[in-house]
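Shown below: coords00.txt, with compact mmCIF, C-alpha atoms.
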# COMPACT_ATOMS: atom_id res chain seq x y z
CA MET A 10 71.27 26.47 54.05
CA ALA A 11 70.40 29.80 55.72
CA ALA A 12 66.96 31.43 55.55
CA GLY A 13 68.28 33.92 52.96
CA GLY A 14 69.16 31.14 50.57
CA LEU A 15 72.99 31.44 50.99
CA SER A 16 75.19 28.86 52.59
CA ARG A 17 77.78 29.79 55.21
CA SER A 18 80.63 29.56 52.70
CA GLU A 19 78.72 31.75 50.21
CA ARG A 20 78.12 34.42 52.90
CA LYS A 21 81.83 34.38 53.75
CA ALA A 22 82.75 34.76 50.10
CA ALA A 23 80.31 37.69 49.73
CA GLU A 24 81.80 39.35 52.82
CA ARG A 25 85.33 38.97 51.39
CA VAL A 26 84.20 40.57 48.12
CA ARG A 27 82.59 43.47 50.02
CA ARG A 28 85.73 44.10 52.06
CA LEU A 29 87.91 43.91 48.96
CA ARG A 30 85.78 46.53 47.22
CA GLU A 31 85.94 48.81 50.26
CA GLU A 32 89.75 48.50 50.38
CA GLN A 33 89.99 49.19 46.64
CA GLN A 34 87.80 52.28 47.11
CA ARG A 35 89.98 53.50 49.99
CA GLU A 36 93.15 52.94 47.95
CA ARG A 37 91.67 54.84 45.00
CA LEU A 38 90.70 57.65 47.38
CA ARG A 39 94.28 57.81 48.66
CA GLN A 40 95.64 57.89 45.10
CA VAL A 41 93.32 60.70 44.05
CA SER A 42 94.17 62.61 47.24
CA ARG A 43 97.90 62.36 46.52
CA ILE A 44 97.38 63.56 42.94
CA LEU A 45 95.26 66.54 44.03
CA ARG A 46 98.04 67.68 46.35
CA LYS A 47 100.29 68.13 43.29
CA ALA A 48 100.23 71.24 41.13
CA ALA A 49 98.34 70.72 37.85
CA ALA A 50 101.56 71.16 35.81
CA GLU A 51 103.27 68.39 37.76
CA ARG A 52 100.62 65.72 37.10
CA SER A 53 101.35 62.98 34.55
CA ALA A 54 98.97 62.00 31.76
CA GLU A 55 98.09 58.83 33.66
CA GLU A 56 97.25 60.82 36.78
CA GLY A 57 95.11 63.21 34.72
CA ARG A 58 93.21 60.25 33.30
CA LEU A 59 92.64 58.84 36.81
CA LEU A 60 91.20 62.16 38.00
CA ALA A 61 88.90 62.33 34.96
CA GLU A 62 87.62 58.83 35.78
CA SER A 63 87.08 59.69 39.46
CA GLU A 64 84.96 62.84 39.32
CA ASP A 65 82.87 61.82 42.34
CA LEU A 66 85.96 61.25 44.49
CA VAL A 67 87.52 64.52 43.31
CA THR A 68 84.34 66.41 44.23
CA GLU A 69 84.21 64.72 47.65
CA LEU A 70 87.87 65.46 48.45
CA GLN A 71 87.63 69.07 47.28
CA GLY A 72 84.56 69.52 49.50
CA ARG A 73 86.43 68.09 52.48
CA SER A 74 89.32 70.46 51.80
CA ARG A 75 87.03 73.49 51.65
CA ARG A 76 85.37 72.50 54.92
CA ARG A 77 88.75 72.07 56.64
CA GLU A 78 89.92 75.46 55.42
CA GLY A 79 86.66 77.02 56.55
CA LEU A 80 87.06 75.55 60.04
CA LYS A 81 90.65 76.81 60.22
CA ARG A 82 89.55 80.32 59.24
CA ARG A 83 86.82 80.26 61.88
CA GLN A 84 89.31 79.27 64.56
CA GLN A 85 91.78 82.01 63.64
CA GLU A 86 91.91 85.10 65.83
CA VAL A 87 91.53 88.30 63.81
CA CYS A 88 92.29 91.81 65.12
CA ASP A 89 91.00 94.99 63.53
CA ASP A 90 93.72 97.56 62.92
CA PRO A 91 93.76 100.32 65.59
CA GLU A 92 92.10 103.00 63.46
CA GLU A 93 89.35 100.63 62.28
CA LEU A 94 88.76 99.48 65.87
CA ARG A 95 88.41 103.07 67.09
CA ARG A 96 85.92 103.79 64.31
CA LYS A 97 83.85 100.77 65.28
CA VAL A 98 83.99 101.69 68.97
CA ARG A 99 82.61 105.14 68.16
CA GLU A 100 79.70 103.44 66.39
CA LEU A 101 79.23 101.11 69.38
CA ALA A 102 79.28 104.07 71.78
CA GLY A 103 76.47 105.69 69.79
CA ALA A 104 74.45 102.48 70.05
CA VAL A 105 75.02 102.30 73.82
CA ARG A 106 73.89 105.91 74.29
CA SER A 107 70.76 105.49 72.21
CA ALA A 108 69.74 102.05 73.52
CA LYS A 109 66.54 102.00 75.53
CA TYR A 110 67.23 98.56 76.99
CA LEU A 111 70.74 97.15 76.63
CA VAL A 112 71.54 93.57 77.65
CA VAL A 113 75.12 92.25 77.76
CA TYR A 114 75.95 88.59 77.06
CA THR A 115 79.39 87.54 78.30
CA GLY A 116 81.59 84.48 77.73
CA ALA A 117 84.96 83.12 78.76
CA GLY A 118 86.80 85.72 76.65
CA ILE A 119 86.20 88.45 79.22
CA SER A 120 88.07 86.46 81.89
CA THR A 121 91.22 85.53 79.96
CA ALA A 122 92.85 88.73 81.25
CA ALA A 123 92.35 87.23 84.74
CA SER A 124 94.45 84.21 83.63
CA ILE A 125 91.38 81.97 83.29
CA PRO A 126 91.59 80.12 79.95
CA ASP A 127 88.73 80.35 77.48
CA TYR A 128 87.31 77.30 75.72
CA ARG A 129 87.66 77.68 71.96
CA GLY A 130 90.60 80.07 71.57
CA PRO A 131 94.01 78.87 70.31
CA ASN A 132 94.93 77.82 73.87
CA GLY A 133 91.38 77.16 75.03
CA VAL A 134 90.26 74.16 77.05
CA TRP A 135 88.33 72.45 74.22
CA THR A 136 91.05 73.31 71.68
CA LEU A 137 93.78 71.65 73.76
CA LEU A 138 91.63 68.61 74.55
CA GLN A 139 90.83 68.11 70.85
CA LYS A 140 94.58 68.15 70.15
CA GLY A 141 95.12 65.47 72.79
CA ARG A 142 97.00 67.84 75.08
CA SER A 143 96.52 68.07 78.83
CA ILE A 144 95.15 71.15 80.57
CA SER A 145 96.35 72.66 83.81
CA ALA A 146 93.89 74.34 86.14
CA ALA A 147 94.76 77.85 87.26
CA ASP A 148 94.63 78.97 90.88
CA LEU A 149 91.24 80.66 90.65
CA SER A 150 91.63 82.26 94.08
CA GLU A 151 94.13 84.62 92.43
CA ALA A 152 91.66 85.67 89.68
CA GLU A 153 90.16 89.14 90.00
CA PRO A 154 87.51 91.02 88.00
CA THR A 155 89.01 92.38 84.80
CA LEU A 156 88.72 95.82 83.23
CA THR A 157 85.75 94.47 81.27
CA HIS A 158 83.97 93.25 84.42
CA MET A 159 84.47 96.60 86.15
CA SER A 160 83.36 98.51 83.04
CA ILE A 161 80.13 96.52 82.84
CA ALA A 162 79.45 97.19 86.52
CA ARG A 163 79.95 100.93 85.91
CA LEU A 164 77.69 100.90 82.85
CA HIS A 165 74.98 99.25 84.92
CA GLU A 166 75.48 101.80 87.67
CA GLN A 167 75.00 104.55 85.06
CA LYS A 168 71.81 102.78 83.84
CA LEU A 169 73.32 102.23 80.40
CA VAL A 170 73.20 98.44 80.87
CA GLN A 171 70.04 96.88 82.25
CA HIS A 172 71.01 93.21 82.61
CA VAL A 173 73.98 90.85 82.18
CA VAL A 174 73.63 87.25 80.99
CA SER A 175 76.83 85.27 81.57
CA GLN A 176 78.00 81.79 80.65
CA ASN A 177 80.90 82.05 83.10
CA CYS A 178 81.14 80.13 86.37
CA ASP A 179 84.04 82.17 87.80
CA GLY A 180 81.88 84.52 89.91
CA LEU A 181 83.78 87.62 88.72
CA HIS A 182 80.63 89.53 87.76
CA LEU A 183 79.38 89.16 91.33
CA ARG A 184 82.78 90.21 92.69
CA SER A 185 82.87 93.29 90.43
CA GLY A 186 79.94 94.77 92.38
CA LEU A 187 77.18 93.99 89.89
CA PRO A 188 73.93 93.43 91.87
CA ARG A 189 72.64 89.86 92.06
CA SER A 190 69.34 90.94 90.49
CA ALA A 191 71.20 92.25 87.43
CA ILE A 192 73.05 88.98 86.69
CA SER A 193 71.92 85.69 85.18
CA GLU A 194 74.76 83.17 85.62
CA LEU A 195 73.29 80.55 83.29
CA HIS A 196 75.93 77.93 84.04
CA GLY A 197 76.25 78.57 87.77
CA ASN A 198 78.75 80.15 90.15
CA MET A 199 81.77 78.34 91.60
CA TYR A 200 81.41 80.17 94.94
CA ILE A 201 77.77 79.24 95.61
CA GLU A 202 76.33 76.01 96.97
CA VAL A 203 72.66 75.42 97.72
CA SER A 204 70.35 73.08 99.53
CA ALA A 205 68.55 71.32 96.68
CA PRO A 206 66.57 68.12 96.17
CA PRO A 207 67.50 65.48 93.57
CA GLY A 208 66.31 66.35 90.08
CA THR A 209 67.47 69.96 90.14
CA TRP A 210 70.12 68.90 87.64
CA GLY A 211 69.25 66.39 84.96
CA PRO A 212 70.58 64.96 81.72
CA GLY A 213 69.81 66.72 78.47
CA GLY A 214 71.08 69.21 75.96
CA PRO A 215 71.53 72.93 76.43
CA VAL A 216 67.83 73.82 76.29
CA ALA A 217 66.68 76.75 78.40
CA PRO A 218 63.96 75.86 80.90
CA THR A 219 60.56 77.44 80.48
CA HIS A 220 59.25 79.78 83.15
CA SER A 221 57.08 77.01 84.55
CA ALA A 222 60.16 74.80 84.99
CA LEU A 223 61.87 77.36 87.22
CA PRO A 224 61.14 76.34 90.82
CA PRO A 225 60.17 79.23 93.11
CA GLN A 226 62.38 77.60 95.75
CA VAL A 227 64.99 74.88 95.65
CA CYS A 228 64.55 73.18 98.98
CA THR A 229 61.08 72.56 100.42
CA ALA A 230 62.53 72.71 103.93
CA CYS A 231 64.15 76.11 103.30
CA THR A 232 61.97 79.04 102.31
CA PRO A 233 63.17 81.01 100.45
CA ASN A 234 65.89 79.06 98.66
CA ARG A 235 68.85 78.87 101.02
CA GLU A 236 72.16 79.76 99.36
CA TYR A 237 75.63 79.53 100.83
CA VAL A 238 78.14 81.96 99.32
CA ARG A 239 81.68 80.80 100.10
CA VAL A 240 85.08 82.40 99.56
CA PHE A 241 86.49 79.23 98.00
CA ASP A 242 85.65 77.09 94.97
CA VAL A 243 82.90 74.73 96.18
CA THR A 244 83.22 72.36 93.19
CA GLU A 245 86.23 70.38 94.44
CA ARG A 246 84.28 67.12 94.81
CA THR A 247 81.72 67.66 92.06
CA ALA A 248 81.55 66.78 88.37
CA LEU A 249 79.07 65.95 85.61
CA HIS A 250 75.89 64.55 87.25
CA ARG A 251 77.67 64.55 90.64
CA HIS A 252 76.93 67.79 92.46
CA GLN A 253 77.09 67.12 96.21
CA THR A 254 79.81 69.19 97.88
CA GLY A 255 80.05 67.15 101.08
CA ARG A 256 78.51 69.82 103.34
CA VAL A 257 74.93 70.04 104.64
CA CYS A 258 72.36 72.78 105.05
CA HIS A 259 72.58 74.45 108.46
CA LYS A 260 68.77 74.59 108.73
CA CYS A 261 67.27 71.46 107.15
CA GLY A 262 70.29 69.14 107.05
CA ALA A 263 69.93 68.43 103.31
CA GLN A 264 73.05 67.77 101.28
CA LEU A 265 74.47 70.92 99.73
CA ARG A 266 75.08 70.92 95.97
CA ASP A 267 77.05 73.17 93.68
CA THR A 268 75.24 75.32 91.11
CA ILE A 269 77.33 74.40 88.05
CA VAL A 270 75.54 73.32 84.85
CA HIS A 271 77.88 71.08 82.87
CA PHE A 272 77.62 70.18 79.18
CA GLY A 273 74.84 67.62 78.87
CA GLU A 274 72.87 68.97 81.85
CA ARG A 275 69.90 71.29 82.24
CA GLY A 276 69.90 73.70 85.13
CA THR A 277 66.55 74.66 86.64
CA LEU A 278 67.75 76.50 89.74
CA GLY A 279 66.17 79.89 90.34
CA GLN A 280 69.47 81.42 91.51
CA PRO A 281 72.18 82.04 90.53
CA LEU A 282 71.06 80.92 87.05
CA ASN A 283 68.22 83.48 87.10
CA TRP A 284 66.74 82.27 83.80
CA GLU A 285 63.50 84.17 84.38
CA ALA A 286 65.31 87.52 84.50
CA ALA A 287 67.41 86.57 81.47
CA THR A 288 64.41 85.76 79.28
CA GLN A 289 62.52 88.86 80.46
CA ALA A 290 65.54 91.06 79.72
CA ALA A 291 65.95 89.51 76.26
CA SER A 292 62.29 90.15 75.46
CA LYS A 293 62.64 93.84 76.45
CA ALA A 294 66.05 94.41 74.82
CA ASP A 295 66.44 96.66 71.80
CA THR A 296 70.23 96.18 71.86
CA ILE A 297 72.40 93.18 72.75
CA LEU A 298 76.16 93.42 73.26
CA CYS A 299 78.05 90.10 73.18
CA LEU A 300 81.49 90.15 74.78
CA GLY A 301 84.05 87.34 74.56
CA SER A 302 81.66 84.54 73.64
CA SER A 303 81.85 82.14 70.70
CA LEU A 304 78.02 82.03 70.96
CA LYS A 305 78.08 78.34 70.02
CA VAL A 306 76.17 77.52 73.20
CA LEU A 307 74.12 80.70 73.60
CA LYS A 308 72.78 80.38 70.04
CA LYS A 309 70.94 77.24 71.19
CA TYR A 310 68.73 79.26 73.56
CA PRO A 311 66.04 80.75 71.24
CA CYS A 312 64.50 82.70 74.12
CA LEU A 313 67.66 84.86 74.31
CA TRP A 314 67.43 85.96 70.67
CA CYS A 315 63.72 86.89 70.34
CA MET A 316 63.42 84.46 67.43
CA THR A 317 59.61 84.57 67.68
CA LYS A 318 59.67 88.25 66.68
CA PRO A 319 59.91 89.34 63.05
CA PRO A 320 63.50 90.26 62.08
CA SER A 321 62.73 94.00 61.98
CA ARG A 322 61.67 93.93 65.66
CA ARG A 323 64.58 91.89 67.02
CA PRO A 324 67.31 93.61 69.08
CA LYS A 325 70.31 95.07 67.29
CA LEU A 326 73.29 92.82 67.88
CA TYR A 327 76.87 93.99 68.53
CA ILE A 328 79.62 91.36 68.90
CA VAL A 329 83.13 91.75 70.35
CA ASN A 330 85.19 88.62 69.69
CA LEU A 331 88.48 87.69 68.03
CA GLN A 332 87.04 84.62 66.30
CA TRP A 333 84.09 83.86 64.06
CA THR A 334 80.71 83.35 65.74
CA PRO A 335 77.54 81.79 64.31
CA LYS A 336 75.72 85.11 64.87
CA ASP A 337 78.14 87.26 62.83
CA ASP A 338 75.76 87.53 59.88
CA TRP A 339 73.01 88.82 62.20
CA ALA A 340 75.21 91.47 63.82
CA ALA A 341 74.81 95.18 63.14
CA LEU A 342 78.53 95.45 63.97
CA LYS A 343 81.34 92.96 64.65
CA LEU A 344 84.42 94.23 66.49
CA HIS A 345 87.53 92.06 66.22
CA GLY A 346 89.45 92.95 69.35
CA ARG A 347 90.24 91.91 72.90
CA CYS A 348 87.44 92.71 75.31
CA ASP A 349 89.58 94.82 77.66
CA ASP A 350 90.93 96.89 74.75
CA VAL A 351 87.45 97.48 73.33
CA MET A 352 85.92 98.33 76.71
CA GLN A 353 88.73 100.78 77.51
CA LEU A 354 88.08 102.60 74.23
CA LEU A 355 84.31 102.46 74.80
CA MET A 356 84.49 103.91 78.31
CA ASP A 357 86.80 106.68 77.05
CA GLU A 358 84.33 107.44 74.25
CA LEU A 359 81.45 107.57 76.77
CA GLY A 360 83.49 109.73 79.13
CA LEU A 361 83.15 107.26 82.00
CA GLU A 362 85.87 106.32 84.47
CA ILE A 363 86.45 102.61 85.07
CA PRO A 364 86.41 101.91 88.82
CA PRO A 365 89.46 99.96 90.03
CA TYR A 366 88.84 96.59 91.63
CA SER A 367 89.54 96.48 95.37
CA ARG A 368 89.61 93.26 97.36
CA TRP A 369 88.70 95.24 100.45
CA GLN A 370 85.41 96.22 98.78
CA ASP A 371 84.76 92.84 97.12
CA PRO A 372 81.05 92.04 97.79
CA ILE A 373 81.75 88.33 98.21
CA PHE A 374 83.13 88.93 101.72
CA SER A 375 79.89 90.57 102.89
CA LEU A 376 77.81 87.83 101.24
CA GLU A 377 79.94 85.01 102.66
CA THR A 378 78.40 82.29 104.84
CA PRO A 379 81.25 81.15 107.14
CA LEU A 380 81.89 77.46 107.61
CA ARG A 381 80.60 76.03 110.85
CA ALA A 382 82.73 74.31 113.45
CA GLY A 383 83.79 70.95 112.10
CA GLU A 384 83.49 72.02 108.44
CA GLU A 385 86.96 73.56 108.15
CA GLY A 386 88.37 70.34 106.75
CA SER A 387 85.58 69.87 104.19
CA HIS A 388 87.63 71.39 101.38
CA SER A 389 91.26 71.91 100.38
CA ARG A 390 90.78 74.87 98.05
CA LYS A 391 92.64 78.09 98.72
CA SER A 392 90.28 80.72 100.13
CA LEU A 393 89.98 84.30 98.93
CA CYS A 394 91.57 86.92 101.19
CA ARG A 395 90.81 90.62 101.46
CA SER A 396 94.47 91.33 100.74
CA ARG A 397 97.11 89.29 98.96
CA GLU A 398 99.32 89.35 102.06
CA GLU A 399 96.61 87.99 104.34
CA PRO A 400 96.70 84.17 104.67
CA PRO A 401 93.40 82.27 104.31
CA PRO A 402 91.57 82.05 107.68
CA ARG A 403 91.58 78.24 107.83
CA ASP A 404 95.26 78.01 106.83
CA ARG A 405 96.83 80.47 109.28
CA ASP A 406 98.51 77.71 111.29
CA ALA A 407 98.95 75.19 108.46
CA PRO A 408 101.52 75.10 105.66
CA LEU A 409 100.17 75.95 102.22
CA SER A 410 99.64 72.91 100.00
CA SER A 411 101.41 72.72 96.68
CA ALA A 412 99.01 70.09 95.30
CA PRO A 413 97.58 70.88 91.87
CA ILE A 414 94.01 72.13 91.71
CA LEU A 415 91.93 69.39 90.11
CA GLY A 416 88.29 68.48 89.63
CA GLY A 417 85.14 70.52 89.81
CA TRP A 418 83.83 72.76 87.05
CA PHE A 419 87.33 73.51 85.74
CA GLY A 420 88.85 70.03 86.10
CA ARG A 421 86.76 66.92 85.69
CA GLY A 422 83.95 69.12 84.42
CA CYS A 423 86.07 70.02 81.41
CA THR A 424 85.84 66.59 79.81
CA LYS A 425 83.48 66.88 76.89
CA ARG A 426 81.83 63.97 75.09
CA THR A 427 84.28 61.53 76.67
CA LYS A 428 83.21 57.92 76.23
CA ARG A 429 83.68 55.69 79.24
CA LYS A 430 85.69 52.55 78.65
CA LYS A 431 83.81 49.34 79.19
CA VAL A 432 84.99 47.33 82.14
CA THR A 433 85.89 43.81 81.04

Written form, structure tokens:
Amino acid sequence: MAAGGLSRSERKAAERVRRLREEQQRERLRQVSRILRKAAAERSAEEGRLLAESEDLVTELQGRSRRREGLKRRQQEVCDDPEELRRKVRELAGAVRSAKYLVVYTGAGISTAASIPDYRGPNGVWTLLQKGRSISAADLSEAEPTLTHMSIARLHEQKLVQHVVSQNCDGLHLRSGLPRSAISELHGNMYIEVSAPPGTWGPGGPVAPTHSALPPQVCTACTPNREYVRVFDVTERTALHRHQTGRVCHKCGAQLRDTIVHFGERGTLGQPLNWEAATQAASKADTILCLGSSLKVLKKYPCLWCMTKPPSRRPKLYIVNLQWTPKDDWAALKLHGRCDDVMQLLMDELGLEIPPYSRWQDPIFSLETPLRAGEEGSHSRKSLCRSREEPPPRDRDAPLSSAPILGGWFGRGCTKRTKRKKVT
């Protein structure tokens, strides 16, 4: 006899009864679900009686259906008609002109025109993974700053935009000519590796570090923080919680690490994350323009939304995105359009010319730290060239590889909430 007063056979019988009830409940749920899919006129009297006896199940299934439909609507891309979009852009242009301190928040949607997939669009990385489909990494060395990137750089040059906060790792803001001091790349930059001690990246949710958590320097042996800007993607060997790139600091000999902040990590690097400038800009902003971001991650950073201020003193919010965002109800204006289309109309309305991108003037080549002798074989990524006809410096005498580009922030770093299989 067990401590609970039931014998082994009685416990087994009770377990069989419990499982039988659960199966009966599931079968009843399936029956009610099938009936609800029928039109009311097509239901038999017996089916009507079953629905009347199963009010709780009917309510539950109808709630599930509403939630599914709501999720589908949120994932749909909606475009304003041309006349409506132009009207909204005129309103946005007025806000840009009158803003005393305008901050721009950017997401993956501003880089889709550069053939870099977004995350939550119809063909986004997360969308495809959730459908069980594979993703193919693009050749990021062919990506160039888009019309939106160049427009933002011009607006900053004209002092209409004071700061840019980006979730993107593609480095295109830097390559557009935007000054380093004017960018906060919250999730890192694929072209930058740094000398950093262990603990710079750690497990945790997407919580912005406080000012005290931002180290004034990353490596105690290198003052100030020693960065290495490369002309190739430095994340080839890195992934979630694995950030060493395989190269070492030229000065102190410490292992170099990428600057990418993956889902489930907290980044506390001073640069290129530049959290201090981002929070200061948000606190000064009277206007925020969000371009191409679902805001599902950015919404989790309260310091970017001035949530400690009363609603009347918070910045006016303008959103450009094809899909629903969790900040839509807070927005003074939501523009449903592609970022390049909206920015072209906005620059025309402001009377500003959009500078063309030129690889010959790309700042990354002047910021580049060349590889030292013996480091040429430390990566297999295709390097950026000043012209499309110019072969990469390290590949002049070697045939180009046709191997797919895998790993790093865009490959292994894409896996989200993937459970590891237990080794038996």

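Proximity ranking of A:Arg390, A:Arg76, A:Arg58, A:Arg43 relative to A:Met199 places A:Arg390 first, based on all atoms listed in the file.
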
| said: I'd like the interatomic distance between atom CA of A:Arg368 and atom CA of A:Ala162, to a tenth of an Å. | reply: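 Rounded to one decimal, the two atoms are 15.4 Å apart.
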
| task | Find the distance between atom CA of A:Thr121 and atom CA of A:Pro379 and write it in Å to one decimal. | result |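 These atoms are spaced 29.3 Å apart.
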
| Atomic distance atom CA of A:Ala291 - atom CA of A:Ala104, expressed in Å with one decimal |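 Pair atom CA of A:Ala291 / atom CA of A:Ala104 returns 16.7 Å.
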
| task | Name the closest residue to A:Val41 among the candidates A:Thr378, A:Tyr237, A:Leu70, A:Asp179; distances are taken between atoms, counting all atoms listed in the file. | result |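 Ranked by minimum distance to A:Val41, first place goes to A:Leu70.
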
| field | Minimum-distance residue to A:Asp371, chosen among A:Lys81, A:His158, A:Lys109, A:Arg395 (using all atoms listed in the file) | value |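 Going through A:Lys81, A:His158, A:Lys109, A:Arg395 one by one, the smallest distance to A:Asp371 is for A:Arg395.
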
| query | Within 10 Å of (69.7, 80.1, 78.1), all atoms listed in the file: residues as a list in words? | reply |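 Residues with an atom close enough to that point: Val174, Ser175, Gln176, Ser193, Glu194, Leu195, His196, Pro215, Val216, Ala217, Pro218, Thr219, Arg275, Gly276, Leu282, Asn283, Trp284, Glu285, Ala287, Thr288, Val306, Leu307, Lys308, Lys309, Tyr310, Pro311, Cys312, Leu313 and Trp314 of chain A.
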
The selected residues should be written to file as an mmCIF file, keeping the file's coordinate frame (atoms: C-alpha atoms).
data_model
loop_
_atom_site.group_PDB
_atom_site.id
_atom_site.type_symbol
_atom_site.label_atom_id
_atom_site.label_comp_id
_atom_site.auth_asym_id
_atom_site.auth_seq_id
_atom_site.Cartn_x
_atom_site.Cartn_y
_atom_site.Cartn_z
ATOM 1 C CA VAL A 174 73.630 87.250 80.990
ATOM 2 C CA SER A 175 76.830 85.270 81.570
ATOM 3 C CA GLN A 176 78.000 81.790 80.650
ATOM 4 C CA SER A 193 71.920 85.690 85.180
ATOM 5 C CA GLU A 194 74.760 83.170 85.620
ATOM 6 C CA LEU A 195 73.290 80.550 83.290
ATOM 7 C CA HIS A 196 75.930 77.930 84.040
ATOM 8 C CA PRO A 215 71.530 72.930 76.430
ATOM 9 C CA VAL A 216 67.830 73.820 76.290
ATOM 10 C CA ALA A 217 66.680 76.750 78.400
ATOM 11 C CA PRO A 218 63.960 75.860 80.900
ATOM 12 C CA THR A 219 60.560 77.440 80.480
ATOM 13 C CA ARG A 275 69.900 71.290 82.240
ATOM 14 C CA GLY A 276 69.900 73.700 85.130
ATOM 15 C CA LEU A 282 71.060 80.920 87.050
ATOM 16 C CA ASN A 283 68.220 83.480 87.100
ATOM 17 C CA TRP A 284 66.740 82.270 83.800
ATOM 18 C CA GLU A 285 63.500 84.170 84.380
ATOM 19 C CA ALA A 287 67.410 86.570 81.470
ATOM 20 C CA THR A 288 64.410 85.760 79.280
ATOM 21 C CA VAL A 306 76.170 77.520 73.200
ATOM 22 C CA LEU A 307 74.120 80.700 73.600
ATOM 23 C CA LYS A 308 72.780 80.380 70.040
ATOM 24 C CA LYS A 309 70.940 77.240 71.190
ATOM 25 C CA TYR A 310 68.730 79.260 73.560
ATOM 26 C CA PRO A 311 66.040 80.750 71.240
ATOM 27 C CA CYS A 312 64.500 82.700 74.120
ATOM 28 C CA LEU A 313 67.660 84.860 74.310
ATOM 29 C CA TRP A 314 67.430 85.960 70.670
#

| query | Which is closer to A:Thr157 than all the others in A:Ser389, A:Thr115, A:Ser204, A:Gln264, using only C-alpha atoms? | reply | A:Thr115

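Minimum distance to A:Glu56 across A:Ala123, A:Leu183, A:Leu169, A:Ile44 (counting all atoms listed in the file) occurs at A:Ile44.
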
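For the residues A:Gly197, A:Gly346, A:Gly116, A:Pro364, ranking by smallest atom-to-atom distance to A:Asp90 using only C-alpha atoms places A:Gly346 first.
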
| task | Skip A:Arg266 itself and residues of its chain fewer than 3 positions away, then list as a PyMOL selection string all residues within 9 Å of it, counting all atoms listed in the file. | result | chain A and resi 201-206+243-244+247+251-257+269
